[in-house]
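Structure record follows, encoded as structure tokens.
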Amino acid sequence: MAAFVRVSGPPNSNFLVGYPGISATLPRIEGKVEIRPLTGISAPVSISLVRICLQRRETIHPSAESIAKKHLGTPRRETTDVVGKELLLFRCPAGRESESVVLMDLPFVLFIPFGRGGEESNRRIPPASLQLHSRTAETYYELVVTVQQGQEQKKHAFPVPIQRYDTLSTFGMYNRPEAAEGTSDHLVTLGISLPRWSYGPCDPVSVYIKLSPNPNWLKKATKVVIQKITIAIEEEITYNHEGDEPTKKINRIAKHTQTIGTKMPEEGFGTNLGLVFPSKELRDEYGIIRRGKSAFPMYSVNSFTTTGSLYKIEFFVSIKAHLSAARDIILRQPIVVCPIDQQACKEEMDAIEQAAKDASHVDPNNPMLPASTIVRANDKDALRALGWTMAGGQRKMVIE
């Protein structure tokens with residue numbers, strides 16, 4: 001008899017407990033596998049074995065954005081990995097092919113890796129769920145329950161969206177200034193300084209820019225005209241970044257130009273330039289948030305800083321000084337893009353602190369799960385577990 005299988009999370013909360021990417025919160029997936037008869041209200045189901053794992057599927061198809069290339073370019077590439085360990089939830093006693101049951105509730109907790117783990121892919125922190133436009137790249141997670149009934153084995157998959165929290169712009173490491181310098185024809189030096197280097201949707205990106213003449217070539221340097229300065233944010237996607245032939249695609253997602261039109265002063269020229277990091281509108285024209293996909297969280301950005309097995313996404317602030325009588329200078333400074341804005345990051349900090357306190361009471365080697373509930377077909381009052389009973393030789397629904 002076929003089995004009905006589903007996975008349910010803890011009451012009034014998500015499957016995912018803790019914050020992936022932050023080891024102190026012991027990120028994990030908690031829930032239980034529920035098995036019931038699929039056909040017939042109380043027909044017993046034969047179960048030999050039940051296993052569960054968290055599986056990550058990654059695909060790339062760089063040509064998918066162009067209709068012509070989609071058919072002529074390289075086909076879609078896919079990779080599938082088990083995240084962490086697979087758990088055995090039930091095995092029938094030795095010497096028996098299966099156990100005849102009418103109801104099964106099997107609690108589980110799957111710990112998500114939170115250490116870099118070097119080259120050991122099963123110990124690396126898994127990248128966040130993400131689907132790029134036209135599915136050029138995607139990372140997709142699902143809980144896979146394997147149910148063996150005698151000789152037959154079936155897999156049941158349930159999508160689980162996973163986010164990462166180690167790029168929050170409120171973390172101290174991202175609030176240190178970053179500086180860079182570049183020179184042109186030994187005449188002019190461009191210096192830039194970023195006050196912080198993690199940004200989310202609608203966050204202001206501000207850069208201090210200083211153009212300085214070379215004091216050894218002062219006469220020639222002061223003839224240089226600063227025409228304009230451009231600030232841009234670039235998204236750089238590298239497909240197959242660990243493979244033989246990586247392909248790069250750079251998208252300019254925001255740009256601002258300031259016209260200067262002055263000769264280089266002897267003391268140099270300094271200015272602040274800025275723009276707002278672009279965000280994606282999640283609401284329709286009536287102000288209603290569109291229904292999302294079950295496997296992917298609702299992000300206010302098209303993409304963010306992430307590294308998977310088949311692709312990686314990086315971001316840069318690009319500053320270009322347009323000069324006459326000297327070559328233009330371009331500087332590209334790497335930044336981190338977080339899928340949530342600074343205000344939301346601040347609000348998340350208290351919850352992360354609380355999750356870390358809660359996790360300090362959890363032993364990863366013995367997470368103290370509730371006992372499994374297994375009602376076998378020959379148990380006394382087995383039908384009552386399904387809400388039925390025998391009355392006068394007939395099956396009747398129990399009305400409490």
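Naming scheme: A, B, ... for chains in displayed order of the structure tokens; residues 1 onward per chain; ligands 1 onward as shown.
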Note to self: If you run DSSP on the backbone here, which positions in region 65-263 of chain A get strand (DSSP E or B)? Please write them as a ChimeraX atom specification.
What the structure shows: /A:77-91,99-111,130-131,137-149,152-159,178-184,188-194,198-199,204-213,225-239,247-263
Next item on the list: Determine, counting only C-alpha atoms, which protein, DNA and RNA residues have an atom within 9 Å of an atom of Ser169 (chain A); residues of the same chain fewer than 4 positions away are not included. Present the result as a VMD selection string.
Entry: chain A and resid 173 to 175 196 to 200 336 to 338 340 to 342 345 to 346
Next item on the list: Within 12 Å of Asn378 (chain A), counting only C-alpha atoms, which residues show up once you throw out same-chain ones fewer than 6 positions away? Write them as an NGL selection string, please.
Entry: :A and (43-45 or 99-103)
Could you build a table of the residues in region 16-111 of chain A lying no more than 10 Å from region 121-138 of chain A, giving for each the nearest pair of atoms and their separation in Å rounded to one decimal place, using only C-alpha atoms, ordered by chain and ascending residue number, as a Markdown table?
```
| residue | atom | partner | partner_atom | distance |
| --- | --- | --- | --- | --- |
| A:Pro20 | CA | A:Ile125 | CA | 7.3 |
| A:Gly21 | CA | A:Ile125 | CA | 6.2 |
| A:Ile22 | CA | A:Ile125 | CA | 9.3 |
| A:Ser23 | CA | A:Ile125 | CA | 9.4 |
| A:Arg56 | CA | A:Pro126 | CA | 8.3 |
| A:Arg57 | CA | A:Glu138 | CA | 8.1 |
| A:Glu58 | CA | A:Glu138 | CA | 5.7 |
| A:Thr59 | CA | A:Glu138 | CA | 5.5 |
| A:Ile60 | CA | A:Ala137 | CA | 4.2 |
| A:His61 | CA | A:Thr136 | CA | 4.6 |
| A:Pro62 | CA | A:Thr136 | CA | 5.0 |
| A:Ser63 | CA | A:Thr136 | CA | 7.1 |
| A:Ala64 | CA | A:Thr136 | CA | 5.6 |
| A:Glu65 | CA | A:Ser134 | CA | 5.7 |
| A:Ser66 | CA | A:Ser134 | CA | 9.1 |
| A:Arg76 | CA | A:Thr136 | CA | 8.6 |
| A:Arg77 | CA | A:Ala137 | CA | 9.4 |
| A:Glu78 | CA | A:Glu138 | CA | 9.6 |
| A:Asp81 | CA | A:Asn122 | CA | 8.0 |
| A:Val82 | CA | A:Asn122 | CA | 7.2 |
| A:Val83 | CA | A:Asn122 | CA | 5.8 |
| A:Gly84 | CA | A:Asn122 | CA | 5.4 |
| A:Lys85 | CA | A:Asn122 | CA | 8.0 |
```
Margin query: At a cut-off of 6 Å, using only C-alpha atoms, what residues contact Ile29 (chain A)? Leave out same-chain residues fewer than 4 positions from it and give the result as number ranges by chain.
Written below: A: 15-17, 109-110
Next item on the list: Would you please work out which residue, of A:Glu348, A:Asp328, A:Glu234, A:Glu353, is nearest to Leu211 (chain A) when using only C-alpha atoms?
Entry: A:Asp328
Next item on the list: From region 151-376 of chain A, collect each residue whose DSSP state is alpha helix (DSSP H) and return the set as a PyMOL selection string.
Entry: chain A and resi 218-221+342-359
Margin query: Report as a count of residues only all protein, DNA and RNA residues lying within 9 Å of region 140-155 of chain A, evaluated on only C-alpha atoms, omitting residues in the same chain fewer than 5 positions from it.
Written below: 34
Kindly assemble as JSON lines a list of the region 148-242 of chain A residues that lie within 10 Å of region 316-324 of chain A, each paired with its nearest atom pair and their distance in Å to one decimal, using only C-alpha atoms, sorted first by chain and then by ascending residue number.
```
{"residue": "A:Ser184", "atom": "CA", "partner": "A:Leu323", "partner_atom": "CA", "distance": 9.4}
{"residue": "A:Val188", "atom": "CA", "partner": "A:Leu323", "partner_atom": "CA", "distance": 9.4}
{"residue": "A:Leu190", "atom": "CA", "partner": "A:Ala321", "partner_atom": "CA", "distance": 7.7}
{"residue": "A:Gly191", "atom": "CA", "partner": "A:Ile319", "partner_atom": "CA", "distance": 9.7}
{"residue": "A:Ile192", "atom": "CA", "partner": "A:Ile319", "partner_atom": "CA", "distance": 8.2}
{"residue": "A:Leu194", "atom": "CA", "partner": "A:Val317", "partner_atom": "CA", "distance": 9.3}
{"residue": "A:Trp197", "atom": "CA", "partner": "A:Val317", "partner_atom": "CA", "distance": 9.5}
{"residue": "A:Val205", "atom": "CA", "partner": "A:Val317", "partner_atom": "CA", "distance": 8.9}
{"residue": "A:Ser206", "atom": "CA", "partner": "A:Val317", "partner_atom": "CA", "distance": 9.9}
{"residue": "A:Val207", "atom": "CA", "partner": "A:Val317", "partner_atom": "CA", "distance": 8.9}
{"residue": "A:Ile209", "atom": "CA", "partner": "A:Ile319", "partner_atom": "CA", "distance": 8.6}
{"residue": "A:Leu211", "atom": "CA", "partner": "A:Ala321", "partner_atom": "CA", "distance": 8.6}
{"residue": "A:Lys223", "atom": "CA", "partner": "A:Ser324", "partner_atom": "CA", "distance": 8.7}
{"residue": "A:Val224", "atom": "CA", "partner": "A:Ser324", "partner_atom": "CA", "distance": 5.8}
{"residue": "A:Val225", "atom": "CA", "partner": "A:Ser324", "partner_atom": "CA", "distance": 5.2}
{"residue": "A:Ile226", "atom": "CA", "partner": "A:Leu323", "partner_atom": "CA", "distance": 4.8}
{"residue": "A:Gln227", "atom": "CA", "partner": "A:His322", "partner_atom": "CA", "distance": 5.5}
{"residue": "A:Lys228", "atom": "CA", "partner": "A:His322", "partner_atom": "CA", "distance": 5.3}
{"residue": "A:Ile229", "atom": "CA", "partner": "A:Ala321", "partner_atom": "CA", "distance": 4.6}
{"residue": "A:Thr230", "atom": "CA", "partner": "A:Lys320", "partner_atom": "CA", "distance": 5.1}
{"residue": "A:Ile231", "atom": "CA", "partner": "A:Ile319", "partner_atom": "CA", "distance": 4.7}
{"residue": "A:Ala232", "atom": "CA", "partner": "A:Ser318", "partner_atom": "CA", "distance": 5.1}
{"residue": "A:Ile233", "atom": "CA", "partner": "A:Val317", "partner_atom": "CA", "distance": 4.7}
{"residue": "A:Glu234", "atom": "CA", "partner": "A:Phe316", "partner_atom": "CA", "distance": 5.2}
{"residue": "A:Glu235", "atom": "CA", "partner": "A:Phe316", "partner_atom": "CA", "distance": 6.7}
{"residue": "A:Glu236", "atom": "CA", "partner": "A:Phe316", "partner_atom": "CA", "distance": 7.8}
```
Go ahead and write the selection's residues with C-alpha atoms as a JSON list (two decimals), in the first residue's frame.
```json
[["chain", "number", "residue", "atom", "x", "y", "z"],
["A", 184, "SER", "CA", 47.87, 58.02, -14.79],
["A", 188, "VAL", "CA", 47.89, 62.37, -11.57],
["A", 190, "LEU", "CA", 43.45, 58.98, -7.97],
["A", 191, "GLY", "CA", 42.76, 57.97, -4.38],
["A", 192, "ILE", "CA", 39.41, 56.70, -3.10],
["A", 194, "LEU", "CA", 34.94, 53.92, 1.22],
["A", 197, "TRP", "CA", 32.04, 48.02, 2.36],
["A", 205, "VAL", "CA", 26.98, 54.19, -1.26],
["A", 206, "SER", "CA", 29.32, 57.13, -0.63],
["A", 207, "VAL", "CA", 32.95, 57.44, -1.81],
["A", 209, "ILE", "CA", 37.62, 60.86, -4.08],
["A", 211, "LEU", "CA", 42.88, 63.59, -7.36],
["A", 223, "LYS", "CA", 47.64, 71.48, -17.18],
["A", 224, "VAL", "CA", 45.53, 68.32, -16.87],
["A", 225, "VAL", "CA", 41.79, 69.08, -17.01],
["A", 226, "ILE", "CA", 39.47, 67.00, -14.83],
["A", 227, "GLN", "CA", 36.48, 66.66, -17.15],
["A", 228, "LYS", "CA", 34.16, 64.45, -15.09],
["A", 229, "ILE", "CA", 34.14, 61.66, -12.51],
["A", 230, "THR", "CA", 31.89, 58.60, -12.81],
["A", 231, "ILE", "CA", 30.89, 56.24, -10.00],
["A", 232, "ALA", "CA", 29.26, 52.91, -10.90],
["A", 233, "ILE", "CA", 28.33, 49.66, -9.19],
["A", 234, "GLU", "CA", 29.19, 46.55, -11.20],
["A", 235, "GLU", "CA", 27.93, 43.00, -10.72],
["A", 236, "GLU", "CA", 30.46, 40.41, -11.92]]
```
Skip Pro11 (chain A) itself and residues of its chain fewer than 6 positions away, then list as a PDB file with C-alpha atoms, in the first residue's frame all residues within 12 Å of it, counting only C-alpha atoms.
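Generated file (selection.pdb):
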```
ATOM      1  CA  GLU A  30      14.039  20.871  12.753  1.00  0.00           C
ATOM      2  CA  GLY A  31      10.807  19.059  12.066  1.00  0.00           C
ATOM      3  CA  LYS A  32       9.230  15.651  11.721  1.00  0.00           C
TER       4      LYS A  32
END
```
Show which residues sit within 10 Å of Pro370 (chain A), as a PDB file with N, CA and C atoms, in the first residue's frame. Count only C-alpha atoms, and ignore same-chain residues fewer than 3 positions away.
```pdb
ATOM      1  N   LYS A  32       9.490  17.091  11.647  1.00  0.00           N
ATOM      2  CA  LYS A  32       9.230  15.651  11.721  1.00  0.00           C
ATOM      3  C   LYS A  32       8.691  15.171  10.390  1.00  0.00           C
ATOM      4  N   LEU A 106       8.191  10.923  12.807  1.00  0.00           N
ATOM      5  CA  LEU A 106       9.620  10.712  13.084  1.00  0.00           C
ATOM      6  C   LEU A 106      10.325  12.067  13.195  1.00  0.00           C
ATOM      7  N   PRO A 107      10.589  12.573  14.421  1.00  0.00           N
ATOM      8  CA  PRO A 107      11.274  13.868  14.564  1.00  0.00           C
ATOM      9  C   PRO A 107      12.725  13.782  14.079  1.00  0.00           C
ATOM     10  N   PHE A 108      13.229  14.921  13.594  1.00  0.00           N
ATOM     11  CA  PHE A 108      14.628  14.948  13.129  1.00  0.00           C
ATOM     12  C   PHE A 108      15.192  16.347  13.348  1.00  0.00           C
ATOM     13  N   PRO A 367      21.000  16.039  20.169  1.00  0.00           N
ATOM     14  CA  PRO A 367      20.104  17.202  20.218  1.00  0.00           C
ATOM     15  C   PRO A 367      18.802  17.006  20.997  1.00  0.00           C
ATOM     16  N   THR A 373       6.822   8.593  17.155  1.00  0.00           N
ATOM     17  CA  THR A 373       5.504   7.981  17.373  1.00  0.00           C
ATOM     18  C   THR A 373       5.256   6.997  16.230  1.00  0.00           C
TER      19      THR A 373
END
```
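Closest to Ala326 (chain A) among A:Met104, A:Leu187, A:Ala94, A:Leu168 is A:Leu187, based on only C-alpha atoms.
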Next item on the list: Can you work out which one of A:Glu266, A:Asp203, A:Glu242, A:Asp358 has the shortest atom-to-atom distance to Gly18 (chain A), counting only C-alpha atoms?
Entry: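 Distance minimum relative to Gly18 (chain A) lands on A:Asp358.
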Check: Of the candidates A:Asp105, A:Pro75, A:Ala344, A:Cys92, which one gets nearest to Ile35 (chain A) if we count only C-alpha atoms?
Finding: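 Using only C-alpha atoms, Ile35 (chain A) sits closest to A:Asp105.
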Check: Do you have the CA of His256 (chain A)-CA of Leu218 (chain A) distance handy?
Finding: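 Computing the Euclidean distance for CA of His256 (chain A) and CA of Leu218 (chain A) yields 29.8 Å.
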Item checked: Selected residue of minimal separation from Pro265 (chain A) among A:Thr247, A:Leu310, A:Ser212, A:Phe277, counting only C-alpha atoms ->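 Among the listed residues, A:Ser212 lies closest to Pro265 (chain A).
Straight-line separation from CA of Pro213 (chain A) to CA of Gly268 (chain A): 6.1 Å.
When CA of Gln343 (chain A) is paired with CA of Thr170 (chain A), their separation reads 8.8 Å.
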